[in-house]
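Here's input11.pdb, which has PDB, C-alpha atoms:
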```
MODEL        1
ATOM      1  CA  MET H 280      -3.796  -0.509  30.443
ATOM      2  CA  ASP H 281      -6.856  -2.703  30.161
ATOM      3  CA  ALA H 282      -7.321  -5.854  28.119
ATOM      4  CA  GLN H 283      -9.229  -4.044  25.405
ATOM      5  CA  ARG H 284      -6.396  -1.606  24.760
ATOM      6  CA  PHE H 285      -3.802  -4.376  24.913
ATOM      7  CA  GLU H 286      -5.787  -6.269  22.301
ATOM      8  CA  SER H 287      -6.070  -3.185  20.070
ATOM      9  CA  LEU H 288      -2.375  -2.502  20.477
ATOM     10  CA  THR H 289      -1.259  -5.988  19.479
ATOM     11  CA  ALA H 290      -3.830  -6.168  16.685
ATOM     12  CA  ALA H 291      -2.325  -3.011  15.177
ATOM     13  CA  TYR H 292       1.381  -3.238  15.983
ATOM     14  CA  GLY H 293       1.948  -6.955  16.469
ATOM     15  CA  ALA H 294       3.525  -8.947  19.260
ATOM     16  CA  ASP H 295       6.967  -7.348  19.394
ATOM     17  CA  PRO H 296       7.119  -4.717  22.169
ATOM     18  CA  ALA H 297       9.737  -2.827  20.134
ATOM     19  CA  ARG H 298       6.995  -2.006  17.636
ATOM     20  CA  TRP H 299       4.530  -0.787  20.239
ATOM     21  CA  PRO H 300       4.130   2.978  20.627
ATOM     22  CA  GLN H 301       6.788   4.259  22.967
ATOM     23  CA  ALA H 302       4.245   6.100  25.092
ATOM     24  CA  GLU H 303       2.322   2.906  25.856
ATOM     25  CA  ARG H 304       5.084   0.332  25.877
ATOM     26  CA  GLU H 305       5.695   0.220  29.597
ATOM     27  CA  ALA H 306       2.000  -0.020  30.408
ATOM     28  CA  ALA H 307       1.561  -2.795  27.851
ATOM     29  CA  LEU H 308       4.507  -4.730  29.247
ATOM     30  CA  ALA H 309       3.061  -4.342  32.727
ATOM     31  CA  PHE H 310      -0.269  -5.706  31.480
ATOM     32  CA  GLN H 311       1.582  -8.626  29.925
ATOM     33  CA  ARG H 312       3.319  -9.414  33.229
ATOM     34  CA  GLU H 313       0.200  -9.075  35.324
ATOM     35  CA  HIS H 314      -2.203 -10.926  33.028
ATOM     36  CA  ARG H 315       0.097 -13.476  31.533
ATOM     37  CA  ALA H 316      -2.476 -16.018  30.294
ATOM     38  CA  GLN H 317      -4.777 -13.439  28.788
ATOM     39  CA  ALA H 318      -1.871 -11.552  27.196
ATOM     40  CA  GLU H 319      -0.410 -14.745  25.730
ATOM     41  CA  ARG H 320      -3.727 -15.604  24.108
ATOM     42  CA  LEU H 321      -3.862 -12.177  22.470
ATOM     43  CA  LEU H 322      -0.202 -12.254  21.519
ATOM     44  CA  PHE H 323      -0.556 -15.655  19.846
ATOM     45  CA  GLU H 324      -2.656 -14.187  17.016
ATOM     46  CA  ALA H 325      -0.309 -11.264  16.595
ATOM     47  CA  ARG H 326       2.762 -13.527  16.504
ATOM     48  CA  MET H 327       1.318 -15.575  13.652
ATOM     49  CA  ILE H 328       0.876 -12.497  11.501
ATOM     50  CA  ASP H 329       4.327 -11.199  12.463
ATOM     51  CA  ALA H 330       5.806 -14.550  11.431
ATOM     52  CA  ALA H 331       4.022 -14.400   8.085
ATOM     53  CA  LEU H 332       5.204 -10.838   7.455
ATOM     54  CA  ALA H 333       8.753 -11.938   8.230
ATOM     55  CA  GLU H 334       8.562 -14.399   5.325
ATOM     56  CA  VAL H 335       8.306 -11.642   2.732
ATOM     57  CA  PRO H 336      11.651 -11.668   0.925
ATOM     58  CA  ILE H 337      14.090  -8.866   1.530
ATOM     59  CA  GLN H 338      15.334  -7.193  -1.619
ATOM     60  CA  VAL H 339      19.035  -6.631  -1.272
ATOM     61  CA  ALA H 340      20.568  -3.597  -2.939
ATOM     62  CA  THR H 341      22.886  -4.977  -5.605
ATOM     63  CA  ALA H 342      26.341  -3.550  -6.253
ATOM     64  CA  ASP H 343      25.078  -2.469  -9.667
ATOM     65  CA  LEU H 344      22.234  -0.459  -8.149
ATOM     66  CA  ARG H 345      24.611   1.153  -5.646
ATOM     67  CA  GLU H 346      26.908   2.083  -8.508
ATOM     68  CA  ARG H 347      24.051   3.599 -10.483
ATOM     69  CA  VAL H 348      22.899   5.617  -7.498
ATOM     70  CA  LEU H 349      26.411   6.858  -6.791
ATOM     71  CA  ALA H 350      26.916   7.678 -10.465
ATOM     72  CA  SER H 351      23.776   9.831 -10.374
ATOM     73  CA  VAL H 352      25.380  12.350  -8.029
ATOM     74  CA  PRO H 353      25.733  15.542 -10.050
ATOM     75  CA  ARG H 354      29.340  16.474 -10.591
ATOM     76  CA  ALA H 355      30.292  19.507  -8.552
ATOM     77  CA  LYS H 356      30.893  22.629 -10.596
ATOM     78  CA  THR H 357      34.506  23.108  -9.727
ATOM     79  CA  LYS H 358      36.429  26.239 -10.679
ATOM     80  CA  PRO H 359      39.336  25.589 -13.019
ATOM     81  CA  GLU H 360      42.344  24.808 -10.912
ATOM     82  CA  ARG H 361      44.709  27.743 -10.637
ATOM     83  CA  ARG H 362      47.819  27.095 -12.620
ATOM     84  CA  ARG H 363      50.909  26.614 -10.628
ATOM     85  CA  HIS H 364      53.328  29.515 -11.066
ATOM     86  CA  PHE H 365      56.305  27.406 -11.917
ATOM     87  CA  MET H 366      54.544  25.339 -14.611
ATOM     88  CA  PRO H 367      52.398  27.360 -16.996
ATOM     89  CA  ALA H 368      50.528  25.405 -19.654
ATOM     90  CA  TRP H 369      52.607  26.781 -22.483
ATOM     91  CA  LEU H 370      55.906  25.863 -20.872
ATOM     92  CA  PRO H 371      56.065  22.314 -22.309
ATOM     93  CA  GLY H 372      55.464  23.782 -25.767
ATOM     94  CA  ALA H 373      58.167  26.346 -25.266
ATOM     95  CA  GLY H 374      60.549  23.673 -24.026
ATOM     96  CA  LEU H 375      59.781  21.522 -27.039
ATOM     97  CA  ALA H 376      60.381  24.447 -29.339
ATOM     98  CA  ALA H 377      63.666  25.101 -27.626
ATOM     99  CA  ALA H 378      64.650  21.442 -27.872
ATOM    100  CA  CYS H 379      63.792  21.437 -31.584
ATOM    101  CA  ALA H 380      65.789  24.517 -32.074
ATOM    102  CA  VAL H 381      68.749  22.910 -30.334
ATOM    103  CA  GLY H 382      68.296  19.777 -32.425
ATOM    104  CA  VAL H 383      68.218  21.752 -35.663
ATOM    105  CA  LEU H 384      71.274  23.656 -34.590
ATOM    106  CA  ALA H 385      73.126  20.496 -33.547
ATOM    107  CA  GLY H 386      72.268  18.912 -36.881
ATOM    108  CA  SER H 387      73.559  21.823 -38.802
ATOM    109  CA  MET H 388      76.698  21.762 -36.633
ATOM    110  CA  ALA H 389      77.255  18.091 -37.467
ATOM    111  CA  VAL H 390      76.977  18.779 -41.168
ATOM    112  CA  GLU H 391      78.764  22.076 -41.358
ATOM    113  CA  ARG H 392      80.967  21.533 -38.277
ATOM    114  CA  VAL H 393      80.234  25.017 -37.248
ATOM    115  CA  ALA H 394      80.954  25.579 -33.566
ATOM    116  CA  ALA H 395      78.263  27.899 -32.445
ATOM    117  CA  PRO H 396      77.469  27.115 -28.738
ATOM    118  CA  VAL H 397      76.683  30.724 -28.158
ATOM    119  CA  GLN H 398      74.020  30.616 -30.879
ATOM    120  CA  ALA H 399      72.441  27.488 -29.331
ATOM    121  CA  ASP H 400      72.411  29.015 -25.859
ATOM    122  CA  GLN H 401      70.824  32.066 -27.325
ATOM    123  CA  LEU H 402      68.057  30.038 -29.055
ATOM    124  CA  VAL H 403      67.209  28.185 -25.839
ATOM    125  CA  ALA H 404      67.251  31.406 -23.915
ATOM    126  CA  GLU H 405      64.929  33.027 -26.422
ATOM    127  CA  ALA H 406      62.494  30.102 -26.409
ATOM    128  CA  ALA H 407      62.247  29.753 -22.625
ATOM    129  CA  PRO H 408      60.657  32.520 -20.600
ATOM    130  CA  THR H 409      62.500  34.088 -17.754
ATOM    131  CA  MET H 410      61.559  33.197 -14.197
ATOM    132  CA  ASP H 411      60.020  36.621 -13.821
ATOM    133  CA  GLU H 412      57.815  35.973 -16.833
ATOM    134  CA  LEU H 413      56.834  32.599 -15.367
ATOM    135  CA  GLU H 414      55.650  34.185 -12.129
ATOM    136  CA  VAL H 415      53.522  36.738 -13.968
ATOM    137  CA  ALA H 416      52.158  34.239 -16.460
ATOM    138  CA  GLY H 417      50.982  31.870 -13.708
TER
ATOM    139  CA  MET V 205      12.224   2.136  15.439
ATOM    140  CA  ALA V 206      12.655   5.814  14.670
ATOM    141  CA  ARG V 207      12.261   8.138  17.591
ATOM    142  CA  GLU V 208      11.370  11.747  17.963
ATOM    143  CA  GLY V 209      14.141  14.227  18.662
ATOM    144  CA  THR V 210      17.094  15.428  16.684
ATOM    145  CA  ASP V 211      17.486  14.297  13.111
ATOM    146  CA  PRO V 212      20.193  11.608  12.951
ATOM    147  CA  ASP V 213      20.762  12.378   9.260
ATOM    148  CA  GLU V 214      21.212  16.117   9.636
ATOM    149  CA  ASP V 215      24.998  16.086   9.622
ATOM    150  CA  VAL V 216      25.417  13.692   6.722
ATOM    151  CA  VAL V 217      22.893  15.615   4.612
ATOM    152  CA  ARG V 218      24.755  18.864   5.281
ATOM    153  CA  ARG V 219      27.985  17.206   4.155
ATOM    154  CA  VAL V 220      26.304  15.767   1.057
ATOM    155  CA  ALA V 221      25.202  19.288   0.177
ATOM    156  CA  ARG V 222      28.856  20.375   0.328
ATOM    157  CA  GLY V 223      29.811  17.625  -2.106
ATOM    158  CA  ASP V 224      31.546  15.441   0.487
ATOM    159  CA  GLN V 225      31.976  12.094  -1.277
ATOM    160  CA  ALA V 226      32.332  10.145   1.967
ATOM    161  CA  ALA V 227      28.977  11.546   3.098
ATOM    162  CA  VAL V 228      27.410  10.589  -0.227
ATOM    163  CA  GLN V 229      28.648   7.024   0.240
ATOM    164  CA  ALA V 230      27.413   6.979   3.828
ATOM    165  CA  LEU V 231      23.961   8.254   2.896
ATOM    166  CA  VAL V 232      23.612   5.697   0.112
ATOM    167  CA  ALA V 233      24.753   2.886   2.417
ATOM    168  CA  ARG V 234      22.294   4.016   5.080
ATOM    169  CA  LYS V 235      19.234   4.805   2.988
ATOM    170  CA  LEU V 236      19.334   2.752  -0.193
ATOM    171  CA  PRO V 237      18.270  -0.489   1.548
ATOM    172  CA  ARG V 238      15.424   1.350   3.283
ATOM    173  CA  MET V 239      14.118   2.950   0.120
ATOM    174  CA  LEU V 240      14.449  -0.302  -1.791
ATOM    175  CA  SER V 241      12.572  -2.160   0.931
ATOM    176  CA  LEU V 242       9.786   0.413   1.004
ATOM    177  CA  ALA V 243       9.347   0.403  -2.765
ATOM    178  CA  ARG V 244       9.514  -3.390  -3.001
ATOM    179  CA  ARG V 245       6.826  -3.840  -0.380
ATOM    180  CA  MET V 246       4.622  -1.187  -1.890
ATOM    181  CA  LEU V 247       4.996  -2.332  -5.491
ATOM    182  CA  GLY V 248       5.865  -6.016  -5.199
ATOM    183  CA  ASP V 249       8.230  -5.788  -8.136
ATOM    184  CA  PRO V 250      12.027  -5.835  -7.780
ATOM    185  CA  ALA V 251      12.803  -3.920 -10.972
ATOM    186  CA  GLU V 252      10.288  -1.187 -10.210
ATOM    187  CA  ALA V 253      11.574  -1.026  -6.648
ATOM    188  CA  GLU V 254      15.083  -0.349  -7.974
ATOM    189  CA  ASP V 255      13.772   2.369 -10.282
ATOM    190  CA  VAL V 256      11.966   4.075  -7.419
ATOM    191  CA  ALA V 257      14.977   3.863  -5.111
ATOM    192  CA  GLN V 258      17.155   5.410  -7.801
ATOM    193  CA  GLU V 259      14.645   8.203  -8.415
ATOM    194  CA  VAL V 260      14.478   8.967  -4.707
ATOM    195  CA  PHE V 261      18.224   9.580  -4.694
ATOM    196  CA  LEU V 262      18.011  11.853  -7.730
ATOM    197  CA  ARG V 263      15.685  14.014  -5.657
ATOM    198  CA  VAL V 264      18.007  13.770  -2.678
ATOM    199  CA  TRP V 265      20.940  15.100  -4.706
ATOM    200  CA  LYS V 266      18.734  17.897  -6.010
ATOM    201  CA  HIS V 267      17.260  18.947  -2.686
ATOM    202  CA  ALA V 268      20.075  18.243  -0.224
ATOM    203  CA  PRO V 269      21.696  21.680  -0.759
ATOM    204  CA  SER V 270      18.466  23.439   0.190
ATOM    205  CA  TRP V 271      17.471  21.006   2.949
ATOM    206  CA  LYS V 272      16.672  22.742   6.212
ATOM    207  CA  PRO V 273      16.151  20.696   9.349
ATOM    208  CA  GLY V 274      12.647  21.404  10.506
ATOM    209  CA  LYS V 275       9.550  19.528  11.400
ATOM    210  CA  ALA V 276      10.182  16.387   9.378
ATOM    211  CA  ARG V 277      13.294  14.270   9.565
ATOM    212  CA  PHE V 278      15.254  13.696   6.397
ATOM    213  CA  ASP V 279      14.369   9.990   6.551
ATOM    214  CA  THR V 280      10.681  10.859   6.757
ATOM    215  CA  TRP V 281      11.042  13.225   3.804
ATOM    216  CA  MET V 282      12.703  10.429   1.806
ATOM    217  CA  HIS V 283       9.815   8.133   2.699
ATOM    218  CA  ARG V 284       7.394  10.791   1.492
ATOM    219  CA  VAL V 285       9.231  11.064  -1.836
ATOM    220  CA  ALA V 286       9.387   7.283  -2.237
ATOM    221  CA  LEU V 287       5.699   6.872  -1.412
ATOM    222  CA  ASN V 288       4.746   9.509  -3.970
ATOM    223  CA  LEU V 289       6.788   7.731  -6.611
ATOM    224  CA  CYS V 290       5.094   4.467  -5.649
ATOM    225  CA  TYR V 291       1.656   6.107  -5.886
ATOM    226  CA  ASP V 292       2.459   7.267  -9.412
ATOM    227  CA  ARG V 293       3.373   3.748 -10.438
ATOM    228  CA  LEU V 294       0.398   2.174  -8.695
ATOM    229  CA  ARG V 295      -1.899   4.704 -10.372
ATOM    230  CA  SER V 296      -0.351   3.914 -13.714
ATOM    231  CA  LYS V 297      -0.883   0.190 -13.073
ATOM    232  CA  ARG V 298      -4.535   0.820 -12.261
ATOM    233  CA  GLU V 299      -4.990   2.847 -15.425
ATOM    234  CA  HIS V 300      -3.033   0.408 -17.593
ATOM    235  CA  PRO V 301      -3.495  -2.990 -15.956
ATOM    236  CA  VAL V 302      -1.329  -5.826 -17.189
ATOM    237  CA  ALA V 303      -2.938  -9.158 -18.092
ATOM    238  CA  GLU V 304      -0.546 -11.145 -15.943
ATOM    239  CA  PRO V 305       0.763  -9.442 -12.836
ATOM    240  CA  PRO V 306       4.524  -9.821 -12.573
ATOM    241  CA  ASP V 307       5.399 -12.646 -10.251
ATOM    242  CA  ARG V 308       9.129 -12.667 -10.207
ATOM    243  CA  PRO V 309      10.610 -14.382  -7.178
ATOM    244  CA  ASP V 310      13.700 -12.804  -5.704
ATOM    245  CA  PRO V 311      16.392 -15.277  -6.744
ATOM    246  CA  ALA V 312      19.060 -14.527  -4.167
ATOM    247  CA  PRO V 313      17.071 -14.936  -0.942
ATOM    248  CA  GLY V 314      15.070 -17.743  -2.512
ATOM    249  CA  ALA V 315      18.183 -19.720  -3.265
ATOM    250  CA  GLU V 316      19.414 -19.271   0.265
ATOM    251  CA  ARG V 317      16.184 -20.002   2.044
ATOM    252  CA  GLY V 318      15.134 -22.945  -0.014
ATOM    253  CA  LEU V 319      12.284 -23.395  -2.409
ATOM    254  CA  GLU V 320       9.602 -23.912   0.207
ATOM    255  CA  ALA V 321      10.500 -20.793   2.135
ATOM    256  CA  ALA V 322      10.707 -18.815  -1.096
ATOM    257  CA  GLN V 323       7.254 -19.988  -2.101
ATOM    258  CA  LEU V 324       5.917 -19.087   1.312
ATOM    259  CA  GLY V 325       7.497 -15.656   1.089
ATOM    260  CA  ALA V 326       6.097 -15.113  -2.372
ATOM    261  CA  ARG V 327       2.655 -16.055  -1.146
ATOM    262  CA  VAL V 328       2.750 -13.647   1.780
ATOM    263  CA  GLU V 329       4.041 -10.954  -0.555
ATOM    264  CA  ARG V 330       1.089 -11.525  -2.863
ATOM    265  CA  ALA V 331      -1.272 -11.292   0.111
ATOM    266  CA  LEU V 332       0.395  -8.034   1.089
ATOM    267  CA  GLN V 333       0.022  -6.710  -2.448
ATOM    268  CA  ALA V 334      -3.650  -7.684  -2.443
ATOM    269  CA  LEU V 335      -4.384  -5.444   0.554
ATOM    270  CA  PRO V 336      -6.043  -2.088  -0.036
ATOM    271  CA  GLU V 337      -3.326   0.464  -0.707
ATOM    272  CA  ARG V 338      -3.726   2.429   2.530
ATOM    273  CA  GLN V 339      -3.635  -0.698   4.665
ATOM    274  CA  ARG V 340      -0.529  -1.882   2.884
ATOM    275  CA  GLU V 341       1.125   1.510   3.367
ATOM    276  CA  ALA V 342       0.378   1.467   7.079
ATOM    277  CA  ILE V 343       1.852  -2.010   7.506
ATOM    278  CA  VAL V 344       4.886  -1.246   5.374
ATOM    279  CA  LEU V 345       5.682   1.979   7.219
ATOM    280  CA  CYS V 346       5.148   0.636  10.741
ATOM    281  CA  HIS V 347       6.202  -2.983  10.426
ATOM    282  CA  TYR V 348       8.937  -3.002   7.810
ATOM    283  CA  GLN V 349      10.222   0.564   7.827
ATOM    284  CA  GLU V 350       9.888   0.742  11.606
ATOM    285  CA  LEU V 351       8.630   4.294  11.650
ATOM    286  CA  SER V 352       6.963   5.409  14.858
ATOM    287  CA  ASN V 353       3.171   5.545  14.816
ATOM    288  CA  ILE V 354       3.367   9.355  14.943
ATOM    289  CA  GLU V 355       5.719   9.531  11.945
ATOM    290  CA  ALA V 356       3.696   7.026   9.930
ATOM    291  CA  ALA V 357       0.419   8.799  10.688
ATOM    292  CA  ALA V 358       1.967  12.135   9.686
ATOM    293  CA  LEU V 359       3.253  10.646   6.436
ATOM    294  CA  LEU V 360      -0.171   9.300   5.599
ATOM    295  CA  GLY V 361      -1.855  12.523   6.680
ATOM    296  CA  ILE V 362      -4.094  10.779   9.207
ATOM    297  CA  SER V 363      -4.485  10.528  12.977
ATOM    298  CA  VAL V 364      -2.756   7.856  15.026
ATOM    299  CA  GLU V 365      -6.183   6.306  15.702
ATOM    300  CA  ALA V 366      -6.861   6.091  11.970
ATOM    301  CA  LEU V 367      -3.426   4.561  11.458
ATOM    302  CA  GLU V 368      -4.165   1.898  14.070
ATOM    303  CA  SER V 369      -7.430   1.132  12.341
ATOM    304  CA  LEU V 370      -5.632   0.653   9.018
ATOM    305  CA  LEU V 371      -3.012  -1.545  10.662
ATOM    306  CA  SER V 372      -5.586  -3.725  12.429
ATOM    307  CA  ARG V 373      -7.699  -4.155   9.326
ATOM    308  CA  GLY V 374      -4.662  -4.902   7.206
ATOM    309  CA  ARG V 375      -3.311  -7.496   9.587
ATOM    310  CA  ARG V 376      -6.754  -9.076   9.943
ATOM    311  CA  ALA V 377      -7.044  -9.317   6.165
ATOM    312  CA  LEU V 378      -3.614 -10.943   5.966
ATOM    313  CA  ARG V 379      -4.624 -13.406   8.651
ATOM    314  CA  ALA V 380      -7.717 -14.332   6.645
ATOM    315  CA  ALA V 381      -5.793 -14.618   3.377
ATOM    316  CA  LEU V 382      -3.169 -16.853   4.940
ATOM    317  CA  ALA V 383      -5.475 -18.824   7.245
ATOM    318  CA  ASP V 384      -4.612 -22.166   5.664
ATOM    319  CA  MET V 385      -0.934 -21.591   6.413
ATOM    320  CA  ALA V 386      -1.721 -21.381  10.117
ATOM    321  CA  ARG V 387      -3.654 -24.664   9.977
ATOM    322  CA  SER V 388      -0.940 -26.580   8.107
TER
ENDMDL
END
```
What is this structure when it is put down as structure tokens?
Amino acid sequence: MDAQRFESLTAAYGADPARWPQAEREAALAFQREHRAQAERLLFEARMIDAALAEVPIQVATADLRERVLASVPRAKTKPERRRHFMPAWLPGAGLAAACAVGVLAGSMAVERVAAPVQADQLVAEAAPTMDELEVAG
Amino acid sequence: MAREGTDPDEDVVRRVARGDQAAVQALVARKLPRMLSLARRMLGDPAEAEDVAQEVFLRVWKHAPSWKPGKARFDTWMHRVALNLCYDRLRSKREHPVAEPPDRPDPAPGAERGLEAAQLGARVERALQALPERQREAIVLCHYQELSNIEAAALLGISVEALESLLSRGRRALRAALADMARS
């Protein structure tokens, strides 16, 4: 590399060898070693501009901006989750109905003192689906 | 400085396309500061820089599923998107100039670095903003974004020689604009 190219290189890319084009870096460093005084004179100008450019404030990404960017990710179109066989959506309703039925029956038993456990069992059994039905319904 | 070869973002972009939340977080952590820096140095306005950075990511989410590794790296593509968004805003500023250009110092670094340093930084930033657009782009891409000369030239659609000319002229203009700083 000659002095003219070294000057052009530092005028364009500055004094930091890391910024020099990879293909010419070794040759430029060799020029710097072999022509120290001349290279230093050329690098002085470049260093001043590098130093000035380093003064430009860095804008830090705020947590709020990060949040906004992350919130902008479109929500994946997920398929509705397959219902688990042992817990169909209508089961809580059926259970509640059964419980109500038991409660009504118990109330009537308290008032009328009618012993009808078979009737209560039957109501619960009628309200709740069988395990076979649960498997199919899921 | 970015180097030629395989795309270091290829894997994370593929995972983003699959909806991998960890990859989304990683991509934002990796690229948001770069996009913000690019936009800030191109536009000189922190609020506009944030808007541009956010818009870049909207395009990332949209295009990541169809991204195919090819000639350009994903980072270079993001730079292209960000630059286009900056052009739009710069064009709009030219067409609808404001009476007083916004001169909002960045409070956080300013507080840390002290008033004098903040003033110095603001002055250099103004000098950078005063450069012709193409010269500023060249300096921003090579100096701040640390793109290789080949990548920067490709982004600007010019030869490496033309890029070097822009860089030299830009740096010379900065030197002239800030000459009194060197004397003091």
(request) Place a sphere of radius 9 Å on (-4.2, -2.2, 3.5) in the file coordinates and name every protein, DNA or RNA residue with an atom inside or on its surface, counting only C-alpha atoms; give the answer as a list in words. (result)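 These residues have at least one counted atom within 9 Å: Leu332, Gln333, Ala334, Leu335, Pro336, Glu337, Arg338, Gln339, Arg340, Glu341, Ala342, Ile343, Leu370, Leu371, Arg373, Gly374, Arg375 and Ala377 of chain V.
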Taking only residues of chain V that have an atom at most 7 Å from an atom of chain H, what is each one's shortest atom pair and its distance in Å to one decimal, using all atoms listed in the file, in chain and number order, as a Markdown table?
```
| residue | atom | partner | partner_atom | distance |
| --- | --- | --- | --- | --- |
| V:Gly223 | CA | H:Ala355 | CA | 6.7 |
| V:Pro237 | CA | H:Ala340 | CA | 5.9 |
| V:Leu240 | CA | H:Gln338 | CA | 6.9 |
| V:Ser241 | CA | H:Gln338 | CA | 6.3 |
| V:Gln258 | CA | H:Val348 | CA | 5.8 |
| V:Phe261 | CA | H:Val348 | CA | 6.7 |
| V:Leu262 | CA | H:Ser351 | CA | 6.7 |
| V:Trp265 | CA | H:Val352 | CA | 6.2 |
| V:Pro313 | CA | H:Pro336 | CA | 6.6 |
| V:Leu324 | CA | H:Glu334 | CA | 6.7 |
| V:Gly325 | CA | H:Val335 | CA | 4.4 |
| V:Ala326 | CA | H:Val335 | CA | 6.6 |
| V:Val328 | CA | H:Val335 | CA | 6.0 |
| V:Glu329 | CA | H:Val335 | CA | 5.4 |
| V:Ser352 | CA | H:Pro300 | CA | 6.9 |
| V:Asn353 | CA | H:Pro300 | CA | 6.4 |
| V:Glu368 | CA | H:Ala291 | CA | 5.4 |
| V:Leu371 | CA | H:Ala291 | CA | 4.8 |
| V:Ser372 | CA | H:Ala291 | CA | 4.3 |
| V:Arg375 | CA | H:Ile328 | CA | 6.8 |
| V:Arg379 | CA | H:Ile328 | CA | 6.3 |
```
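In this model, the gap between atom CA of V:Ala381 and atom CA of V:Ala331 comes to 6.5 Å.
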(request) Go through V:Met282, V:Ala251, V:Leu382, V:Leu351 and flag the residue nearest V:Arg234, using only C-alpha atoms for the distances. (result) V:Met282
(message) So, with only C-alpha atoms as the atoms that count, which of V:Asp279, V:Glu365, V:Asp211, V:Asp384 lies closest to V:Gln349?
(response) V:Asp279
(message) Given all atoms listed in the file as the basis, pick out the residue of V:Leu367, V:Ala230, V:Ile354, V:Leu287 nearest to V:Ala253.
(response) V:Leu287
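Here atom CA of V:Arg327 stands at a distance of 22.0 Å from atom CA of V:Arg238.
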(request) Select, from H:Met280, H:Ala316, H:Leu321, H:Ala342, the residue with the minimum atom-to-atom distance to H:Arg304, counting all atoms listed in the file. (result)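 Counting all atoms listed in the file, the residue closest to H:Arg304 is H:Met280.
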(message) Calculated over all atoms listed in the file, which of the candidates V:Arg245, V:Arg219, V:Lys235, V:Lys266 has the smallest distance to V:Thr280?
(response) V:Lys235
(message) Report, in Å to a single decimal, how far apart atom CA of V:Leu345 and atom CA of V:Leu319 are.
(response)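 Separation of atom CA of V:Leu319 and atom CA of V:Leu345: 27.9 Å.
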(request) Fewer than 3 positions away in the same chain doesn't count, so skip those; otherwise give me all residues within 10 Å of V:Arg293, counting all atoms listed in the file, as a list in words. (result) Met246, Leu247, Glu252, Val256, Leu287, Asn288, Leu289, Cys290, Ser296, Lys297, Arg298 and Glu299 of chain V
